[in-house]
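*Asks:* Compact mmCIF, C-alpha atoms, file target30.txt:
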# COMPACT_ATOMS: atom_id res chain seq x y z
CA MET R 255 0.00 0.00 0.00
CA THR R 256 2.60 2.54 -1.08
CA GLU R 257 0.73 4.28 -3.91
CA PHE R 258 -1.57 7.24 -3.22
CA ASN R 259 -4.65 5.91 -5.01
CA THR R 260 -4.47 2.65 -3.07
CA ARG R 261 -4.17 4.53 0.21
CA LEU R 262 -7.28 6.52 -0.66
CA VAL R 263 -9.30 3.30 -0.74
CA HIS R 264 -7.54 1.45 2.07
CA GLY R 265 -6.73 3.60 5.08
CA PRO R 266 -4.48 2.55 7.97
CA VAL R 267 -5.64 -0.73 9.52
CA GLN R 268 -7.42 -0.13 12.82
CA ASN R 269 -7.92 -3.74 14.04
CA ASP R 270 -11.11 -2.47 15.62
CA ASN R 271 -13.52 -5.37 15.19
CA GLN R 272 -13.78 -9.10 14.50
CA THR R 273 -16.58 -9.02 11.92
CA GLY R 274 -14.50 -8.84 8.76
CA ALA R 275 -16.18 -5.58 7.72
CA VAL R 276 -14.32 -3.98 4.81
CA ASN R 277 -15.18 -0.49 6.08
CA VAL R 278 -14.57 0.83 9.57
CA PRO R 279 -17.86 0.76 11.55
CA ILE R 280 -19.64 3.92 12.63
CA TYR R 281 -19.19 4.00 16.40
CA THR R 282 -21.92 6.19 17.85
CA SER R 283 -21.10 5.64 21.52
CA THR R 284 -20.34 8.83 23.44
CA THR R 285 -18.70 7.03 26.35
CA TYR R 286 -16.53 3.95 26.80
CA ARG R 287 -16.27 1.44 29.63
CA TYR R 288 -13.11 1.14 31.69
CA PRO R 289 -12.16 -2.50 32.42
CA LYS R 290 -11.09 -1.45 35.93
CA ILE R 291 -9.97 1.57 37.95
CA GLY R 292 -6.62 2.84 36.75
CA ALA R 293 -6.72 0.96 33.46
CA ALA R 294 -5.12 2.67 30.45
CA VAL R 295 -7.73 3.00 27.71
CA GLN R 296 -7.55 4.48 24.20
CA TYR R 297 -11.07 5.91 24.31
CA ASP R 298 -13.04 7.28 27.24
CA TYR R 299 -15.33 10.01 25.87
CA GLY R 300 -16.53 10.80 22.36
CA ARG R 301 -15.24 14.36 22.25
CA SER R 302 -11.74 13.19 23.14
CA GLY R 303 -11.63 10.31 20.70
CA ASN R 304 -13.79 8.05 18.56
CA PRO R 305 -12.73 4.97 16.54
CA THR R 306 -14.50 6.09 13.35
CA ARG R 307 -12.99 9.55 13.59
CA GLN R 308 -9.60 8.05 14.46
CA TYR R 309 -9.61 6.06 11.23
CA LEU R 310 -10.21 9.24 9.22
CA GLU R 311 -7.61 11.20 11.19
CA ASP R 312 -5.00 8.50 10.65
CA GLN R 313 -5.80 8.37 6.96
CA LEU R 314 -5.56 12.14 6.56
CA ALA R 315 -2.18 12.12 8.29
CA ALA R 316 -0.95 9.34 6.01
CA LEU R 317 -2.15 11.07 2.82
CA GLU R 318 -0.42 14.33 3.79
CA HIS R 319 2.76 12.56 4.99
CA GLY R 320 2.07 13.76 8.51
CA THR R 321 2.17 12.05 11.88
CA ARG R 322 -0.99 13.50 13.43
CA GLY R 323 -4.35 14.30 11.87
CA LEU R 324 -7.38 15.93 13.47
CA ALA R 325 -10.92 15.93 12.07
CA LEU R 326 -13.05 18.96 12.94
CA SER R 327 -16.69 19.92 12.47
CA SER R 328 -15.98 22.44 9.67
CA GLY R 329 -13.20 24.12 7.77
CA MET R 330 -13.55 27.16 10.03
CA ALA R 331 -13.21 24.93 13.10
CA ALA R 332 -9.98 23.60 11.59
CA ILE R 333 -8.65 27.12 10.98
CA HIS R 334 -9.70 28.13 14.50
CA THR R 335 -7.87 25.13 15.94
CA ALA R 336 -4.65 25.95 14.09
CA LEU R 337 -4.71 29.62 15.11
CA ALA R 338 -5.67 28.91 18.72
CA ILE R 339 -2.23 27.48 19.47
CA PHE R 340 -1.00 31.09 19.60
CA LYS R 341 -1.33 33.39 22.60
CA ALA R 342 -2.06 37.04 23.33
CA GLY R 343 0.80 39.21 22.12
CA ASP R 344 1.78 36.88 19.30
CA HIS R 345 1.89 38.05 15.69
CA ILE R 346 1.43 36.11 12.46
CA ILE R 347 1.92 36.96 8.79
CA VAL R 348 -1.00 36.04 6.53
CA GLY R 349 -1.51 35.98 2.79
CA ASP R 350 -3.27 39.06 1.50
CA GLN R 351 -5.70 36.92 -0.52
CA ILE R 352 -6.83 34.52 2.24
CA TYR R 353 -10.37 33.16 2.51
CA GLY R 354 -12.84 35.76 3.78
CA GLY R 355 -13.85 33.56 6.70
CA THR R 356 -10.22 33.37 7.83
CA PHE R 357 -9.91 37.15 7.53
CA ARG R 358 -13.06 37.59 9.63
CA LEU R 359 -11.84 35.14 12.27
CA LEU R 360 -8.52 36.95 12.58
CA ASN R 361 -9.90 40.48 12.64
CA GLN R 362 -13.14 40.02 14.55
CA PHE R 363 -12.20 37.25 16.96
CA PHE R 364 -8.49 36.61 17.48
CA GLU R 365 -7.67 40.30 17.44
CA ARG R 366 -9.78 40.63 20.61
CA TRP R 367 -7.51 38.29 22.51
CA GLY R 368 -4.35 39.96 21.31
CA LEU R 369 -3.24 37.96 18.28
CA SER R 370 -2.23 40.39 15.53
CA ALA R 371 -1.80 39.68 11.84
CA THR R 372 -0.08 41.45 8.95
CA PRO R 373 -1.27 40.70 5.39
CA VAL R 374 1.40 40.40 2.70
CA ASP R 375 1.73 39.06 -0.82
CA THR R 376 3.25 35.69 0.05
CA ARG R 377 4.45 35.25 -3.54
CA ASP R 378 7.25 37.64 -2.53
CA PRO R 379 9.60 36.09 0.07
CA ALA R 380 11.22 39.48 0.64
CA ALA R 381 7.83 40.95 1.58
CA ILE R 382 7.38 38.18 4.13
CA GLU R 383 10.80 38.89 5.60
CA ARG R 384 10.07 42.61 5.86
CA ALA R 385 6.86 41.89 7.78
CA ILE R 386 8.55 39.79 10.47
CA GLN R 387 8.39 41.30 13.95
CA PRO R 388 10.07 40.17 17.19
CA ASN R 389 6.80 38.48 18.25
CA THR R 390 6.03 36.84 14.88
CA LYS R 391 5.27 33.14 15.24
CA ALA R 392 3.99 31.90 11.88
CA VAL R 393 3.20 32.50 8.22
CA TYR R 394 -0.30 31.46 7.13
CA PHE R 395 -1.29 31.33 3.46
CA GLU R 396 -3.10 29.53 0.65
CA PRO R 397 -0.84 28.21 -2.15
CA VAL R 398 -3.64 28.88 -4.67
CA THR R 399 -5.88 31.80 -3.79
CA ASN R 400 -9.56 32.46 -4.31
CA PRO R 401 -10.82 33.71 -6.74
CA LEU R 402 -7.79 34.91 -8.76
CA LEU R 403 -5.81 31.65 -8.34
CA GLN R 404 -2.54 33.36 -7.50
CA VAL R 405 0.20 30.82 -6.73
CA THR R 406 2.63 30.96 -3.81
CA SER R 407 5.69 28.73 -3.50
CA ILE R 408 5.32 26.65 -0.34
CA ALA R 409 9.02 25.80 -0.31
CA ALA R 410 10.03 29.47 -0.63
CA VAL R 411 7.78 30.52 2.26
CA ALA R 412 8.96 27.61 4.40
CA LYS R 413 12.60 28.57 3.74
CA VAL R 414 12.01 32.10 5.05
CA ALA R 415 9.97 30.79 7.98
CA LYS R 416 12.59 28.27 9.06
CA LYS R 417 15.31 30.91 8.82
CA HIS R 418 13.41 32.95 11.42
CA ASP R 419 12.10 30.01 13.48
CA LEU R 420 8.50 30.53 12.36
CA LEU R 421 5.79 27.99 11.66
CA THR R 422 4.49 27.57 8.11
CA ILE R 423 0.73 26.98 8.00
CA VAL R 424 -0.85 26.10 4.65
CA ASP R 425 -4.54 25.95 3.76
CA ASN R 426 -4.45 23.18 1.15
CA THR R 427 -8.22 23.11 0.45
CA PHE R 428 -7.97 24.15 -3.22
CA LEU R 429 -5.45 21.44 -4.11
CA SER R 430 -6.07 18.53 -1.71
CA PRO R 431 -3.37 15.98 -0.83
CA TYR R 432 -3.92 14.33 -4.21
CA LEU R 433 -2.36 17.29 -5.99
CA CYS R 434 -0.11 18.80 -3.32
CA GLN R 435 1.41 17.68 -0.02
CA PRO R 436 2.74 20.80 1.73
CA LEU R 437 4.39 18.96 4.64
CA THR R 438 6.85 17.43 2.16
CA LEU R 439 7.72 20.94 0.97
CA GLY R 440 8.57 22.32 4.41
CA ALA R 441 5.19 23.27 5.88
CA ASP R 442 4.50 22.52 9.56
CA ILE R 443 0.69 22.50 9.60
CA VAL R 444 -1.79 21.77 6.80
CA ILE R 445 -5.45 22.76 6.95
CA HIS R 446 -8.39 21.60 4.84
CA SER R 447 -12.00 22.51 4.53
CA ALA R 448 -12.86 18.85 4.07
CA THR R 449 -16.32 20.00 3.01
CA LYS R 450 -14.80 20.60 -0.41
CA TYR R 451 -12.68 18.09 -2.36
CA LEU R 452 -12.06 15.59 0.43
CA ALA R 453 -15.75 14.83 1.05
CA GLY R 454 -16.72 15.93 -2.44
CA HIS R 455 -20.52 15.62 -2.45
CA SER R 456 -21.91 18.78 -0.80
CA ASP R 457 -23.44 16.70 1.98
CA VAL R 458 -21.11 17.18 4.95
CA SER R 459 -19.31 20.09 6.65
CA ALA R 460 -15.88 19.06 7.90
CA GLY R 461 -12.37 20.31 8.51
CA ALA R 462 -8.93 18.79 8.97
CA VAL R 463 -5.61 19.79 10.51
CA ILE R 464 -2.47 17.72 9.91
CA THR R 465 1.09 18.10 11.19
CA ASN R 466 4.32 16.10 11.07
CA ASP R 467 5.54 17.36 14.44
CA GLU R 468 4.48 15.44 17.55
CA LYS R 469 4.70 18.43 19.89
CA LEU R 470 2.63 20.52 17.51
CA GLY R 471 0.21 17.60 17.27
CA ASP R 472 -0.23 17.61 21.04
CA ARG R 473 -0.89 21.37 21.06
CA LEU R 474 -3.43 21.05 18.27
CA TYR R 475 -5.14 18.08 19.92
CA PHE R 476 -5.43 20.05 23.17
CA VAL R 477 -7.36 22.76 21.31
CA GLN R 478 -9.53 20.21 19.49
CA ASN R 479 -10.43 18.46 22.73
CA ALA R 480 -10.83 21.67 24.74
CA LEU R 481 -13.03 23.47 22.21
CA GLY R 482 -14.92 20.32 21.26
CA ALA R 483 -15.59 21.15 17.60
CA VAL R 484 -15.01 17.53 16.63
CA LEU R 485 -16.35 15.73 13.59
CA SER R 486 -19.20 13.34 14.36
CA PRO R 487 -18.81 9.60 13.67
CA GLU R 488 -21.45 9.78 10.93
CA ASP R 489 -19.75 12.73 9.22
CA SER R 490 -16.33 11.12 9.65
CA ASN R 491 -17.67 8.17 7.70
CA LEU R 492 -18.95 10.45 4.92
CA VAL R 493 -15.53 12.08 4.55
CA ARG R 494 -13.88 8.63 4.60
CA ARG R 495 -16.19 7.52 1.82
CA GLY R 496 -15.56 10.70 -0.16
CA LEU R 497 -11.79 10.24 0.08
CA GLN R 498 -12.01 6.90 -1.70
CA THR R 499 -12.94 8.66 -4.97
CA LEU R 500 -10.86 11.84 -4.49
CA SER R 501 -8.42 11.19 -7.32
CA VAL R 502 -11.11 9.88 -9.69
CA ARG R 503 -13.22 12.99 -9.12
CA MET R 504 -10.32 15.43 -9.40
CA ASP R 505 -9.03 13.85 -12.58
CA ARG R 506 -12.46 14.33 -14.18
CA GLN R 507 -12.83 17.86 -12.81
CA GLN R 508 -9.46 18.93 -14.15
CA ALA R 509 -10.16 17.36 -17.53
CA ASN R 510 -13.45 19.27 -17.65
CA VAL R 511 -11.70 22.52 -16.72
CA LYS R 512 -9.20 22.14 -19.55
CA ALA R 513 -11.95 21.38 -22.06
CA ILE R 514 -13.90 24.44 -20.91
CA ILE R 515 -10.82 26.66 -21.17
CA ALA R 516 -10.06 25.41 -24.67
CA HIS R 517 -13.62 26.35 -25.65
CA LEU R 518 -13.56 29.75 -23.92
CA GLN R 519 -10.15 30.98 -25.08
CA PRO R 520 -11.20 32.07 -28.60
CA LEU R 521 -14.52 33.60 -27.49
CA PRO R 522 -14.69 37.43 -27.65
CA ALA R 523 -17.09 37.30 -24.67
CA VAL R 524 -14.19 36.23 -22.43
CA LYS R 525 -11.56 38.86 -21.68
CA LYS R 526 -9.29 36.86 -19.39
CA ILE R 527 -8.96 33.37 -17.89
CA TYR R 528 -7.40 32.63 -14.52
CA TYR R 529 -6.14 29.05 -14.19
CA PRO R 530 -2.49 28.32 -13.31
CA GLY R 531 -2.68 24.73 -14.52
CA LEU R 532 -1.97 25.65 -18.15
CA PRO R 533 1.39 26.66 -19.66
CA GLY R 534 1.67 30.39 -20.11
CA GLN R 535 -0.68 31.19 -17.23
CA PRO R 536 0.72 33.23 -14.30
CA GLY R 537 1.97 30.91 -11.57
CA TYR R 538 2.23 27.87 -13.85
CA GLU R 539 5.93 27.22 -13.22
CA THR R 540 5.58 27.60 -9.46
CA LEU R 541 2.52 25.39 -9.34
CA SER R 542 4.16 22.73 -11.50
CA SER R 543 7.07 22.55 -9.07
CA GLN R 544 4.85 21.71 -6.11
CA ALA R 545 1.60 20.19 -7.37
CA LYS R 546 0.30 17.66 -9.89
CA GLY R 547 -2.42 20.03 -11.09
CA ALA R 548 -4.42 23.17 -10.36
CA GLY R 549 -7.72 21.64 -9.30
CA GLY R 550 -11.25 22.17 -10.53
CA VAL R 551 -11.71 25.92 -10.06
CA LEU R 552 -11.16 28.58 -12.71
CA SER R 553 -12.15 32.21 -12.93
CA ILE R 554 -12.99 34.19 -16.04
CA GLU R 555 -13.35 37.89 -16.65
CA LEU R 556 -16.14 38.67 -19.06
CA ALA R 557 -15.88 41.24 -21.82
CA ASP R 558 -17.42 44.65 -21.16
CA ASN R 559 -20.40 43.95 -23.41
CA VAL R 560 -21.43 40.87 -21.38
CA ASP R 561 -23.90 41.35 -18.51
CA ALA R 562 -22.27 39.35 -15.72
CA VAL R 563 -25.40 39.14 -13.57
CA LYS R 564 -27.54 37.98 -16.48
CA PHE R 565 -24.84 35.47 -17.44
CA VAL R 566 -24.73 33.71 -14.07
CA ASP R 567 -28.52 33.91 -13.67
CA SER R 568 -28.93 32.26 -17.08
CA LEU R 569 -26.79 29.23 -16.31
CA GLN R 570 -28.81 26.08 -15.73
CA LEU R 571 -26.36 23.23 -15.16
CA PHE R 572 -23.88 25.41 -13.26
CA GLN R 573 -25.74 26.15 -10.04
CA LEU R 574 -25.47 29.61 -8.51
CA ALA R 575 -23.97 28.76 -5.13
CA VAL R 576 -20.89 29.24 -2.99
CA SER R 577 -18.44 26.39 -2.23
CA LEU R 578 -16.39 24.20 -4.56
CA GLY R 579 -14.82 20.79 -4.93
CA SER R 580 -17.98 18.75 -5.28
CA VAL R 581 -19.40 16.50 -7.98
CA GLU R 582 -21.76 19.20 -9.26
CA SER R 583 -20.64 22.39 -11.00
CA LEU R 584 -21.16 25.71 -9.26
CA VAL R 585 -20.83 29.35 -10.27
CA GLU R 586 -20.52 32.54 -8.27
CA LEU R 587 -20.12 36.25 -8.94
CA PRO R 588 -17.46 37.40 -6.42
CA SER R 589 -18.35 41.11 -6.61
CA LYS R 590 -21.92 40.32 -5.52
CA MET R 591 -21.30 37.28 -3.33
CA SER R 592 -18.01 36.28 -1.71
CA HIS R 593 -16.52 39.80 -1.82
CA ALA R 594 -19.72 41.83 -1.56
CA GLU R 595 -18.66 43.34 1.79
CA LEU R 596 -15.85 45.25 0.03
CA SER R 597 -16.49 48.65 -1.53
CA PRO R 598 -16.16 48.91 -5.32
CA ALA R 599 -12.77 50.57 -4.87
CA GLU R 600 -11.62 47.85 -2.49
CA GLN R 601 -12.83 45.17 -4.88
CA LEU R 602 -10.87 46.65 -7.78
CA LYS R 603 -7.75 46.93 -5.58
CA ALA R 604 -8.13 43.21 -4.82
CA GLY R 605 -8.55 42.41 -8.52
CA ILE R 606 -12.29 41.72 -8.22
CA THR R 607 -13.99 43.30 -11.23
CA PRO R 608 -17.78 43.34 -11.84
CA GLY R 609 -17.22 40.89 -14.70
CA LEU R 610 -15.20 38.32 -12.74
CA ILE R 611 -16.89 34.91 -12.59
CA ARG R 612 -15.71 31.90 -10.57
CA LEU R 613 -16.54 28.44 -11.86
CA ALA R 614 -16.14 25.39 -9.62
CA VAL R 615 -16.30 22.58 -12.14
CA GLY R 616 -17.82 19.20 -11.30
CA ILE R 617 -17.78 15.78 -12.92
CA GLU R 618 -20.64 16.20 -15.40
CA ASP R 619 -20.11 15.60 -19.11
CA GLN R 620 -17.96 18.44 -20.42
CA ARG R 621 -20.14 18.80 -23.52
CA ASP R 622 -23.15 19.66 -21.35
CA LEU R 623 -21.13 22.12 -19.29
CA ILE R 624 -19.88 23.88 -22.42
CA ALA R 625 -23.38 23.99 -23.90
CA ASP R 626 -24.65 25.58 -20.67
CA LEU R 627 -21.99 28.28 -20.84
CA ASP R 628 -22.78 28.97 -24.50
CA GLN R 629 -26.51 29.40 -23.92
CA ALA R 630 -25.82 31.77 -21.01
CA PHE R 631 -23.45 33.86 -23.15
CA ALA R 632 -26.16 34.09 -25.83
CA LYS R 633 -28.58 35.57 -23.30
CA ALA R 634 -26.10 37.91 -21.64
CA ILE R 635 -24.62 39.66 -24.67
Using the file provided, produce a representation of the structure as structure tokens.
*Replies:*
Amino acid sequence: MTEFNTRLVHGPVQNDNQTGAVNVPIYTSTTYRYPKIGAAVQYDYGRSGNPTRQYLEDQLAALEHGTRGLALSSGMAAIHTALAIFKAGDHIIVGDQIYGGTFRLLNQFFERWGLSATPVDTRDPAAIERAIQPNTKAVYFEPVTNPLLQVTSIAAVAKVAKKHDLLTIVDNTFLSPYLCQPLTLGADIVIHSATKYLAGHSDVSAGAVITNDEKLGDRLYFVQNALGAVLSPEDSNLVRRGLQTLSVRMDRQQANVKAIIAHLQPLPAVKKIYYPGLPGQPGYETLSSQAKGAGGVLSIELADNVDAVKFVDSLQLFQLAVSLGSVESLVELPSKMSHAELSPAEQLKAGITPGLIRLAVGIEDQRDLIADLDQAFAKAI
């Protein structure tokens, strides 16, 4: 069981039952019996540990080449867990294009307890170095950002971080361990919104935190157990099941993305395409050095004569919804949805134009997806 695709299907053996079941059972018990006073037991209470969740956590650690995995109740719970290892007075450097929920958590929650953050363009190692303060503890970033798909070198960030004794924390949601394994590139902590590619079916909210450092693992587990935002046994099983088809789904999604791009490139209705998985695209060389692909998300900027609102409202197969990484295709208009809280000037500064569209491509037949885009263009021009 050395190859990735095999390890997706067959996680670490748990030796948890005598039935011969090919899948780990769903253990719903919230408490566990002690054989006697003073006995050492692996499980005592569901928040602190659960055999179904343990299977998933061990598998996540193995897929990311880590030593400790934690399964949380959402991606935000995972981010919260990773950031909660810091204390009042600490400072971290964060990517200037991080997920809006992470930005909100930092500025409306952690700032209150004295954790400060400085946003920088993490594509520039010198900018990271300039932002380091005496109390800086970590660099937190996304190797592929949303929605402009800007690419940061994990190895370059980790080199700067290690030079200054900082932690490197990577949100790997957009790529998944199938395409990129940040711990092998120097990262210390990897985060996932497992709601997205890992689970892959828009039917479970989940998060994951993985590390290859035992002391860090203990600190992260303390937060997981203390806060209690653990993934339920039933949801752990759904993520486990989703993982089994991760590579199959992502291969189809990426093939669909490339077919869509090939169709869109000559169209006058499309001004610009953002997808670093193709030669000639910004970030392609960096991405190719650290990942097997760019995932199933692309963004397009429509020409000035295309009504962006009418375009997204006219799509039928692409569903107008937030999120990504699932079997169905989704579309969103960042200026009106994910980045609506920014003023028009702030949006433009961040590269969010009124005509920017984000497509999260699913596993449907690419011919149907292309036909859906074409009929929406016809209505929006």
*Asks:* Give as a PyMOL selection string the set of residues within 12 Å of the point (-6.2, 23.9, -2.5), where distances use the file's coordinates and all atoms listed in the file.
*Replies:* chain R and resi 352-353+395-401+403-406+424-436+444-448+450-452+504+541+544-551+578-579
*Asks:* What does the distance between CA of Asp505 (chain R) and CA of Gln519 (chain R) come to in Å, to one decimal place?
*Replies:*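 About the pair CA of Asp505 (chain R) and CA of Gln519 (chain R): they are 21.2 Å apart.
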*Asks:* Considering all atoms listed in the file, can you say which of R:Asn361, R:Thr285, R:Gly454, R:Leu584 comes closest to Gln498 (chain R)?
*Replies:* R:Gly454
*Asks:* I'd like the contact shell of region 466-470 of chain R - 8 Å cut-off, all atoms listed in the file, skipping same-chain residues fewer than 5 positions apart - returned as a short mmCIF file (atom, residue, chain, number, x, y, z; two decimals) with C-alpha atoms, keeping the file's coordinate frame.
*Replies:*
data_model
loop_
_atom_site.label_atom_id
_atom_site.label_comp_id
_atom_site.auth_asym_id
_atom_site.auth_seq_id
_atom_site.Cartn_x
_atom_site.Cartn_y
_atom_site.Cartn_z
CA HIS R 319 2.76 12.56 4.99
CA GLY R 320 2.07 13.76 8.51
CA THR R 321 2.17 12.05 11.88
CA ARG R 322 -0.99 13.50 13.43
CA LEU R 437 4.39 18.96 4.64
CA ASP R 442 4.50 22.52 9.56
CA ILE R 443 0.69 22.50 9.60
#
*Asks:* What is the CA of Leu481 (chain R)-CA of Ala453 (chain R) distance in Å, reported with one decimal?
*Replies:*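 Calculated distance between CA of Leu481 (chain R) and CA of Ala453 (chain R) is 23.0 Å.
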*Asks:* Can you work out the spacing between CA of Asp419 (chain R) and CA of Tyr394 (chain R) in Å, to one decimal?
*Replies:* 14.0 Å
*Asks:* Please list, as a short mmCIF file (atom, residue, chain, number, x, y, z; two decimals) with C-alpha atoms, in the frame of the given file, the residues that have an atom at most 12 Å away from (-22.5, 37.0, -3.0) in the coordinates of this file, counting all atoms listed in the file.
*Replies:*
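Output file out-v8.cif is given in full below:
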data_model
loop_
_atom_site.label_atom_id
_atom_site.label_comp_id
_atom_site.auth_asym_id
_atom_site.auth_seq_id
_atom_site.Cartn_x
_atom_site.Cartn_y
_atom_site.Cartn_z
CA GLY R 354 -12.84 35.76 3.78
CA VAL R 563 -25.40 39.14 -13.57
CA VAL R 566 -24.73 33.71 -14.07
CA LEU R 574 -25.47 29.61 -8.51
CA ALA R 575 -23.97 28.76 -5.13
CA VAL R 576 -20.89 29.24 -2.99
CA SER R 577 -18.44 26.39 -2.23
CA VAL R 585 -20.83 29.35 -10.27
CA GLU R 586 -20.52 32.54 -8.27
CA LEU R 587 -20.12 36.25 -8.94
CA PRO R 588 -17.46 37.40 -6.42
CA SER R 589 -18.35 41.11 -6.61
CA LYS R 590 -21.92 40.32 -5.52
CA MET R 591 -21.30 37.28 -3.33
CA SER R 592 -18.01 36.28 -1.71
CA HIS R 593 -16.52 39.80 -1.82
CA ALA R 594 -19.72 41.83 -1.56
CA GLU R 595 -18.66 43.34 1.79
CA LEU R 596 -15.85 45.25 0.03
CA PRO R 608 -17.78 43.34 -11.84
CA ILE R 611 -16.89 34.91 -12.59
CA ARG R 612 -15.71 31.90 -10.57
#
*Asks:* Restricting the calculation to all atoms listed in the file, which member of R:Ile280, R:Leu602, R:Leu359, R:Leu610 is positioned closest to Ala562 (chain R)?
*Replies:*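 Smallest separation from Ala562 (chain R) among the options: R:Leu610.
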*Asks:* Point out the residue among R:Thr449, R:Asn304, R:Ser553, R:Asn259 with the least atom-to-atom distance to Leu402 (chain R), counting only C-alpha atoms.
*Replies:*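 Ranked by minimum distance to Leu402 (chain R), first place goes to R:Ser553.
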*Asks:* Quick one: residues within 7 Å of region 366-378 of chain R, only C-alpha atoms counted, chain neighbours fewer than 6 positions away excluded, as a PDB file with C-alpha atoms, keeping the file's coordinate frame?
*Replies:*
ATOM      1  CA  LYS R 341      -1.330  33.390  22.600  1.00  0.00           C
ATOM      2  CA  ALA R 342      -2.060  37.040  23.330  1.00  0.00           C
ATOM      3  CA  GLY R 343       0.800  39.210  22.120  1.00  0.00           C
ATOM      4  CA  ASP R 344       1.780  36.880  19.300  1.00  0.00           C
ATOM      5  CA  HIS R 345       1.890  38.050  15.690  1.00  0.00           C
ATOM      6  CA  ILE R 346       1.430  36.110  12.460  1.00  0.00           C
ATOM      7  CA  ILE R 347       1.920  36.960   8.790  1.00  0.00           C
ATOM      8  CA  VAL R 348      -1.000  36.040   6.530  1.00  0.00           C
ATOM      9  CA  GLY R 349      -1.510  35.980   2.790  1.00  0.00           C
ATOM     10  CA  ASP R 350      -3.270  39.060   1.500  1.00  0.00           C
ATOM     11  CA  VAL R 405       0.200  30.820  -6.730  1.00  0.00           C
ATOM     12  CA  THR R 406       2.630  30.960  -3.810  1.00  0.00           C
ATOM     13  CA  SER R 407       5.690  28.730  -3.500  1.00  0.00           C
TER      14      SER R 407
END
*Asks:* May I have the residues within 10 Å of region 334-336 of chain R as a list of chain:residue names, using all atoms listed in the file and disregarding those fewer than 6 positions away in the same chain?
*Replies:*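 The neighbour list is R:Leu324, R:Leu326, R:Ser328, R:Thr356, R:Leu359, R:Leu360, R:Phe363, R:Phe364, R:Tyr394, R:Ile423, R:Ile443, R:Val444, R:Ile445, R:Gly461, R:Ala462, R:Val463, R:Ile464, R:Leu470, R:Arg473, R:Leu474, R:Tyr475, R:Phe476, R:Val477, R:Gln478, R:Asn479, R:Ala480, R:Leu481, R:Ala483.
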*Asks:* Go through R:Gly300, R:Ala415, R:Pro266, R:Ser542 one by one, measure the shortest atom-to-atom distance of each to Arg287 (chain R) using only C-alpha atoms, and give the residue with the smallest value.
*Replies:* R:Gly300
*Asks:* Determine the nearest neighbour of Asp622 (chain R) from the options R:Gln601, R:Ser456, R:Gln570, R:Met330, counting only C-alpha atoms.
*Replies:*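 Smallest distance to Asp622 (chain R) is found for R:Gln570.
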*Asks:* Would you pick out the contacts of Arg307 (chain R) at 9 Å or less, using only C-alpha atoms, so that residues sharing its chain but fewer than 5 positions from it are not included, and give the list as a list in words?
*Replies:*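 Returned residues: Ile280, Tyr281, Asp312, Leu324, Ala325, Val484, Leu485, Ser486, Pro487, Glu488, Asp489, Ser490 and Asn491 of chain R.
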*Asks:* Which is closest to Asp561 (chain R) among R:Val511, R:Val263, R:Ala634, R:Leu337, if we use all atoms listed in the file?
*Replies:*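 That would be R:Ala634, the residue with the smallest distance to Asp561 (chain R).
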*Asks:* List as a list in words the protein and nucleic acid residues near region 524-527 of chain R, meaning an atom at most 7 Å away when all atoms listed in the file are counted, but skip any in the same chain fewer than 4 places from it.
*Replies:*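 The neighbour list is Leu518, Ser553, Ile554, Glu555, Leu556 and Ala557 of chain R.
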